[in-house]
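K.L.:
mmCIF, C-alpha atoms and all ligand atoms, file data_30.cif:
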```
data_upload
loop_
_atom_site.label_atom_id
_atom_site.label_comp_id
_atom_site.auth_asym_id
_atom_site.auth_seq_id
_atom_site.Cartn_x
_atom_site.Cartn_y
_atom_site.Cartn_z
CA MET L 4 183.60 77.11 155.47
CA VAL L 5 180.19 76.13 154.11
CA PRO L 6 177.40 77.76 156.06
CA VAL L 7 174.71 75.46 157.36
CA LEU L 8 171.47 76.45 155.75
CA THR L 9 168.44 76.53 157.97
CA LEU L 10 165.09 75.75 156.41
CA ARG L 11 164.24 79.44 156.57
CA ALA L 12 167.43 80.39 154.74
CA LYS L 13 166.77 77.70 152.14
CA ALA L 14 163.33 79.17 151.57
CA ASP L 15 164.88 82.60 151.04
CA LEU L 16 167.14 81.19 148.32
CA ASP L 17 164.34 79.31 146.59
CA THR L 18 162.87 81.12 143.60
CA ASN L 19 161.82 78.16 141.42
CA PRO L 20 158.36 76.58 141.75
CA PRO L 21 157.95 72.81 142.03
CA VAL L 22 157.45 70.63 138.98
CA THR L 23 154.41 68.34 139.04
CA THR L 24 153.92 65.38 136.73
CA LEU L 25 150.60 63.66 136.07
CA THR L 26 150.70 59.98 135.13
CA ILE L 27 147.55 58.25 133.93
CA GLY L 28 147.60 54.52 134.64
CA ASP L 29 145.75 51.67 132.96
CA PRO L 30 143.17 51.03 131.73
CA LYS L 31 143.33 53.91 129.33
CA TYR L 32 143.41 54.32 125.58
CA VAL L 33 145.33 57.15 123.94
CA SER L 34 144.16 58.23 120.50
CA THR L 35 143.13 61.77 119.62
CA THR L 36 142.08 62.01 123.23
CA THR L 37 142.85 59.90 126.29
CA LEU L 38 139.98 57.58 127.09
CA VAL L 39 139.70 56.61 130.75
CA ILE L 40 137.21 54.64 132.83
CA PRO L 41 136.18 55.13 136.48
CA SER L 42 138.86 52.78 137.84
CA THR L 43 141.70 54.42 135.88
CA PRO L 44 144.28 55.67 138.42
CA PHE L 45 145.82 59.13 138.19
CA THR L 46 149.10 59.81 140.00
CA LEU L 47 150.55 63.22 140.80
CA ASN L 48 154.25 63.44 141.62
CA ALA L 49 155.87 66.74 142.53
CA THR L 50 159.54 67.59 143.06
CA ASP L 51 161.22 70.80 144.14
CA ASP L 52 164.79 72.02 143.91
CA ILE L 53 165.44 73.64 147.30
CA SER L 54 162.72 74.19 149.89
CA LYS L 55 160.75 71.06 148.84
CA VAL L 56 157.10 70.62 147.95
CA ASN L 57 154.63 72.01 150.47
CA TYR L 58 151.44 70.81 148.79
CA THR L 59 149.88 69.76 145.47
CA LEU L 60 146.43 70.81 144.25
CA TYR L 61 144.16 69.36 141.60
CA ARG L 62 140.64 69.79 140.36
CA VAL L 63 138.41 68.11 137.77
CA TYR L 64 136.05 70.14 135.64
CA ASN L 65 134.30 70.59 132.32
CA LYS L 66 131.82 73.03 130.83
CA THR L 67 129.03 72.09 133.20
CA PHE L 68 130.78 70.63 136.21
CA SER L 69 133.54 71.55 138.61
CA TRP L 70 135.02 70.28 141.81
CA GLY L 71 136.84 72.70 144.01
CA TRP L 72 140.59 72.30 144.40
CA VAL L 73 141.69 69.28 146.38
CA GLN L 74 144.94 69.60 148.34
CA HIS L 75 147.48 66.89 149.24
CA SER L 76 150.74 67.27 151.10
CA SER L 77 152.58 64.39 149.43
CA ASN L 78 152.55 62.45 146.17
CA PHE L 79 149.35 60.50 145.70
CA THR L 80 147.21 58.37 143.39
CA PHE L 81 143.50 59.02 142.93
CA THR L 82 140.53 57.83 140.89
CA PRO L 83 138.62 61.04 140.15
CA PHE L 84 135.69 59.57 138.25
CA LEU L 85 134.18 57.08 140.67
CA THR L 86 130.83 58.75 141.27
CA GLY L 87 128.73 61.53 139.87
CA TYR L 88 130.44 61.90 136.51
CA LYS L 89 128.76 61.39 133.17
CA ASN L 90 130.60 60.24 130.10
CA GLY L 91 132.30 63.13 128.39
CA ASN L 92 135.34 65.33 128.24
CA TYR L 93 136.99 66.58 131.40
CA THR L 94 140.05 68.60 132.31
CA ILE L 95 142.32 67.67 135.20
CA ALA L 96 144.08 70.83 136.40
CA TYR L 97 147.01 70.52 138.80
CA HIS L 98 150.01 72.30 140.25
CA SER L 99 152.16 72.51 143.39
CA VAL L 100 153.51 75.09 145.82
CA ASP L 101 156.86 74.87 147.62
CA PHE L 102 157.78 75.95 151.16
CA ALA L 103 159.05 79.28 149.81
CA ASN L 104 155.56 79.91 148.39
CA ASN L 105 156.67 79.58 144.78
CA THR L 106 153.56 78.54 142.86
CA GLU L 107 153.83 76.39 139.76
CA PRO L 108 151.73 77.57 136.80
CA ILE L 109 148.61 75.42 136.47
CA LYS L 110 148.95 72.45 134.13
CA ASN L 111 145.99 70.86 132.33
CA GLU L 112 145.34 67.38 131.01
CA ASN L 113 142.23 66.60 128.95
CA VAL L 114 140.63 63.18 129.21
CA THR L 115 137.42 61.55 128.01
CA LEU L 116 135.54 59.52 130.56
CA CYS L 117 133.99 56.41 129.07
CA ARG L 118 132.04 54.23 131.44
CA SER L 119 132.39 51.22 129.17
CA TYR L 120 131.80 48.86 132.06
CA ASP L 121 128.40 50.45 132.54
CA ASN L 122 127.76 49.13 129.02
CA LEU L 123 126.91 52.55 127.69
CA GLY L 124 129.25 52.04 124.77
CA ASP L 125 129.95 55.71 124.24
CA LEU L 126 133.70 55.50 123.75
CA THR L 127 134.16 58.94 122.24
CA GLY L 128 132.24 60.66 125.01
CA ASN L 129 130.01 62.70 122.70
CA GLY L 130 126.80 61.54 124.39
CA GLU L 131 125.69 58.88 121.94
CA VAL L 132 126.73 55.48 120.66
CA ASP L 133 127.46 55.81 116.98
CA ILE L 134 129.72 54.60 114.19
CA TYR L 135 132.75 56.37 115.67
CA ASP L 136 132.47 54.24 118.79
CA ILE L 137 132.26 51.07 116.73
CA THR L 138 135.33 52.23 114.79
CA ILE L 139 137.35 52.38 118.01
CA ILE L 140 136.48 48.74 118.67
CA CYS L 141 137.40 47.77 115.11
CA VAL L 142 140.84 49.36 115.49
CA ALA L 143 141.46 47.01 118.41
CA TYR L 144 139.82 43.98 116.80
CA ASP L 145 141.58 40.64 117.41
CA SER L 146 144.04 42.22 119.84
CA LYS L 147 145.17 40.80 123.18
CA PRO L 148 147.02 42.50 126.07
CA GLY L 149 150.50 43.45 124.85
CA ASP L 150 149.50 43.90 121.21
CA PRO L 151 150.06 47.41 119.81
CA SER L 152 146.35 47.78 119.04
CA TRP L 153 145.16 46.42 122.42
CA ASN L 154 142.60 48.69 124.05
CA PRO L 155 141.31 47.43 127.43
CA ILE L 156 138.49 49.95 127.40
CA VAL L 157 136.68 48.21 124.53
CA ASP L 158 136.93 44.77 126.14
CA PHE L 159 133.23 44.94 127.06
CA VAL L 160 133.11 41.18 127.53
CA PRO L 161 136.22 41.12 129.71
CA ASP L 162 138.10 38.10 128.43
CA ASN L 163 141.35 39.77 127.27
CA ILE L 164 140.53 39.61 123.59
CA ILE L 165 138.63 42.05 121.41
CA ASN L 166 136.28 40.11 119.19
CA ILE L 167 132.75 39.97 117.83
CA PHE L 168 131.25 39.65 121.30
CA ASP L 169 132.65 43.05 122.25
CA VAL L 170 131.28 44.56 119.03
CA VAL L 171 127.85 43.01 119.60
CA THR L 172 127.77 44.26 123.18
CA CYS L 173 128.44 47.79 122.01
CA LEU L 174 125.94 47.47 119.17
CA GLN L 175 123.21 46.75 121.71
CA TYR L 176 123.52 50.38 122.72
CA TYR L 177 123.77 51.77 119.21
CA ASN L 178 121.96 55.12 118.87
CA ASN L 179 121.60 55.41 122.64
CA LYS L 180 121.89 58.97 123.81
CA HIS L 181 122.69 59.74 127.41
CA LYS L 182 123.30 63.46 127.68
CA CA L 201 161.52 75.63 144.76
CA CA L 202 130.14 58.27 120.86
CA CA L 203 136.34 40.74 124.95
#
```
Could you render the structure from this file as structure tokens?
P.N.:
Amino acid sequence: MVPVLTLRAKADLDTNPPVTTLTIGDPKYVSTTTLVIPSTPFTLNATDDISKVNYTLYRVYNKTFSWGWVQHSSNFTFTPFLTGYKNGNYTIAYHSVDFANNTEPIKNENVTLCRSYDNLGDLTGNGEVDIYDITIICVAYDSKPGDPSWNPIVDFVPDNIINIFDVVTCLQYYNNKHK
């Protein structure tokens, strides 16, 4: 006869922590880093083998800035960069805890926030608009959505093609520093 497991008994058997996956939606551009903009959605999904996921935690930080941990009790999508963030590199840290109190080791994802729609033009997130930013536009030149080189983040003039108008828009901010 198979014993009926109560939730408590299930928790006693559970020794594995949950597994949390971070998915970064569009628009984003993945090169040496992952470029994101304020409207880029981040989704955290957690699964657990036995006692199920109790809660998921995440925080956003860099060298000079840190949120505290934010807790959710189910899978969720969030846009972490809406207000108060300058262009630059950030780490999203996240993990989950199950009902047996097994805690997943913290996972980290590094992203570069690029407020291209604020027309700052700093695509690399190093605090100034320079030749490296222009290079990112050139890589995507002539591309449309669906092309391998398409990069929605450099579509400064948002008409679904990367062309000279996008380059010129970025060039208007050339040498701008915004640290
Ligand atoms: Ca578990
Ligand atoms: Ca730059
Ligand atoms: Ca364009």
K.L.:
Please write as a PyMOL selection string the list of polymer residues whose atoms come within 9 Å of (154.6, 69.3, 147.3), counting only C-alpha atoms and keeping to the coordinates of the file.
P.N.:
chain L and resi 21-23+48-51+55-60+75-78+98-102
K.L.:
Which residue gives the smallest distance to Asn104 (chain L) among L:Ile27, L:Ile53, L:Leu47, L:Cys117, with only C-alpha atoms counted?
P.N.:
L:Ile53
K.L.:
Which one of L:Cys173, L:Val132, L:Val157, L:Leu25 sits closest to Asn111 (chain L) if you count all atoms listed in the file?
P.N.:
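Result for the nearest residue to Asn111 (chain L): L:Leu25.
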K.L.:
Do you know which residues lie at most 12 Å from (141.6, 48.8, 124.9), with coordinates as in the file and only C-alpha atoms counted, and could you write them as a PyMOL selection string?
P.N.:
chain L and resi 29-34+37-40+117+119+126+139-166+169
K.L.:
Write out as a count of residues only each polymer residue whose atoms come within 10 Å of Lys89 (chain L), counting all atoms listed in the file; drop sequence neighbours fewer than 4 positions from it.
P.N.:
10
K.L.:
I'd like the neighbourhood of Phe45 (chain L) as a PyMOL selection string, where a residue qualifies if any of its atoms comes within 8 Å (using all atoms listed in the file), though same-chain residues fewer than 6 positions away should be ignored.
P.N.:
chain L and resi 25-28+80-83
K.L.:
Could you check how far CA of Pro108 (chain L) sits from CA of Tyr61 (chain L), in Å to one decimal?
P.N.:
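Taking CA of Pro108 (chain L) and CA of Tyr61 (chain L), their separation equals 12.2 Å.
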K.L.:
Which of these residues is nearest to ligand CA 201 (chain L), using only C-alpha atoms and all ligand atoms: L:Asp125, L:Asp52, L:Glu107, L:Asp133?
P.N.:
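For ligand CA 201 (chain L), the nearest of the candidates is L:Asp52.
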K.L.:
Nearest residue to ligand CA 203 (chain L) out of L:Asn90, L:Ser69, L:Tyr64, L:Val170, using all atoms listed in the file?
P.N.:
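For ligand CA 203 (chain L), the nearest of the candidates is L:Val170.
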K.L.:
Using only C-alpha atoms and all ligand atoms, which of the listed residues (L:Thr138, L:Asn129, L:Thr18, L:Thr24) sits closest to ligand CA 202 (chain L)?
P.N.:
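Checking each candidate against ligand CA 202 (chain L), we get L:Asn129 as the closest.
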K.L.:
State, in Å with one decimal place, the distance from CA of Ser54 (chain L) to CA of Ile109 (chain L).
P.N.:
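One can read the CA of Ser54 (chain L) to CA of Ile109 (chain L) distance as 19.5 Å.
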K.L.:
Nearest to ligand CA 201 (chain L): which of L:Asn65, L:Thr86, L:Thr106, L:Thr36 is it, counting all atoms listed in the file?
P.N.:
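Ranking L:Asn65, L:Thr86, L:Thr106, L:Thr36 by distance to ligand CA 201 (chain L), first place goes to L:Thr106.
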K.L.:
Complete the atoms of region 123-141 of chain L to N, CA and C atoms and put them out as an mmCIF file, in the frame of the given file.
P.N.:
```cif
data_model
loop_
_atom_site.group_PDB
_atom_site.id
_atom_site.type_symbol
_atom_site.label_atom_id
_atom_site.label_comp_id
_atom_site.auth_asym_id
_atom_site.auth_seq_id
_atom_site.Cartn_x
_atom_site.Cartn_y
_atom_site.Cartn_z
ATOM 1 N N LEU L 123 127.505 51.456 128.447
ATOM 2 C CA LEU L 123 126.910 52.550 127.690
ATOM 3 C C LEU L 123 127.456 52.590 126.279
ATOM 4 N N GLY L 124 128.697 52.149 126.114
ATOM 5 C CA GLY L 124 129.250 52.040 124.770
ATOM 6 C C GLY L 124 129.706 53.325 124.140
ATOM 7 N N ASP L 125 129.551 54.438 124.841
ATOM 8 C CA ASP L 125 129.950 55.710 124.240
ATOM 9 C C ASP L 125 131.436 55.954 124.491
ATOM 10 N N LEU L 126 132.253 55.453 123.568
ATOM 11 C CA LEU L 126 133.700 55.500 123.750
ATOM 12 C C LEU L 126 134.278 56.878 123.461
ATOM 13 N N THR L 127 133.626 57.622 122.592
ATOM 14 C CA THR L 127 134.160 58.940 122.240
ATOM 15 C C THR L 127 133.673 60.026 123.186
ATOM 16 N N GLY L 128 132.682 59.694 124.014
ATOM 17 C CA GLY L 128 132.240 60.660 125.010
ATOM 18 C C GLY L 128 131.431 61.814 124.452
ATOM 19 N N ASN L 129 130.809 61.610 123.276
ATOM 20 C CA ASN L 129 130.010 62.700 122.700
ATOM 21 C C ASN L 129 128.536 62.573 123.046
ATOM 22 N N GLY L 130 128.181 61.631 123.920
ATOM 23 C CA GLY L 130 126.800 61.540 124.390
ATOM 24 C C GLY L 130 125.940 60.556 123.640
ATOM 25 N N GLU L 131 126.475 59.908 122.606
ATOM 26 C CA GLU L 131 125.690 58.880 121.940
ATOM 27 C C GLU L 131 126.594 57.774 121.405
ATOM 28 N N VAL L 132 125.989 56.614 121.209
ATOM 29 C CA VAL L 132 126.730 55.480 120.660
ATOM 30 C C VAL L 132 126.514 55.488 119.151
ATOM 31 N N ASP L 133 127.590 55.681 118.424
ATOM 32 C CA ASP L 133 127.460 55.810 116.980
ATOM 33 C C ASP L 133 128.622 55.095 116.278
ATOM 34 N N ILE L 134 128.746 55.329 114.990
ATOM 35 C CA ILE L 134 129.720 54.600 114.190
ATOM 36 C C ILE L 134 131.157 54.879 114.650
ATOM 37 N N TYR L 135 131.392 56.053 115.217
ATOM 38 C CA TYR L 135 132.750 56.370 115.670
ATOM 39 C C TYR L 135 133.164 55.489 116.844
ATOM 40 N N ASP L 136 132.168 55.137 117.667
ATOM 41 C CA ASP L 136 132.470 54.240 118.790
ATOM 42 C C ASP L 136 132.787 52.835 118.287
ATOM 43 N N ILE L 137 132.015 52.402 117.301
ATOM 44 C CA ILE L 137 132.260 51.070 116.730
ATOM 45 C C ILE L 137 133.651 51.044 116.072
ATOM 46 N N THR L 138 134.013 52.160 115.441
ATOM 47 C CA THR L 138 135.330 52.230 114.790
ATOM 48 C C THR L 138 136.457 52.008 115.784
ATOM 49 N N ILE L 139 136.307 52.542 116.993
ATOM 50 C CA ILE L 139 137.350 52.380 118.010
ATOM 51 C C ILE L 139 137.520 50.898 118.362
ATOM 52 N N ILE L 140 136.392 50.181 118.397
ATOM 53 C CA ILE L 140 136.480 48.740 118.670
ATOM 54 C C ILE L 140 137.174 48.029 117.510
ATOM 55 N N CYS L 141 136.815 48.436 116.285
ATOM 56 C CA CYS L 141 137.400 47.770 115.110
ATOM 57 C C CYS L 141 138.917 47.957 115.059
#
```
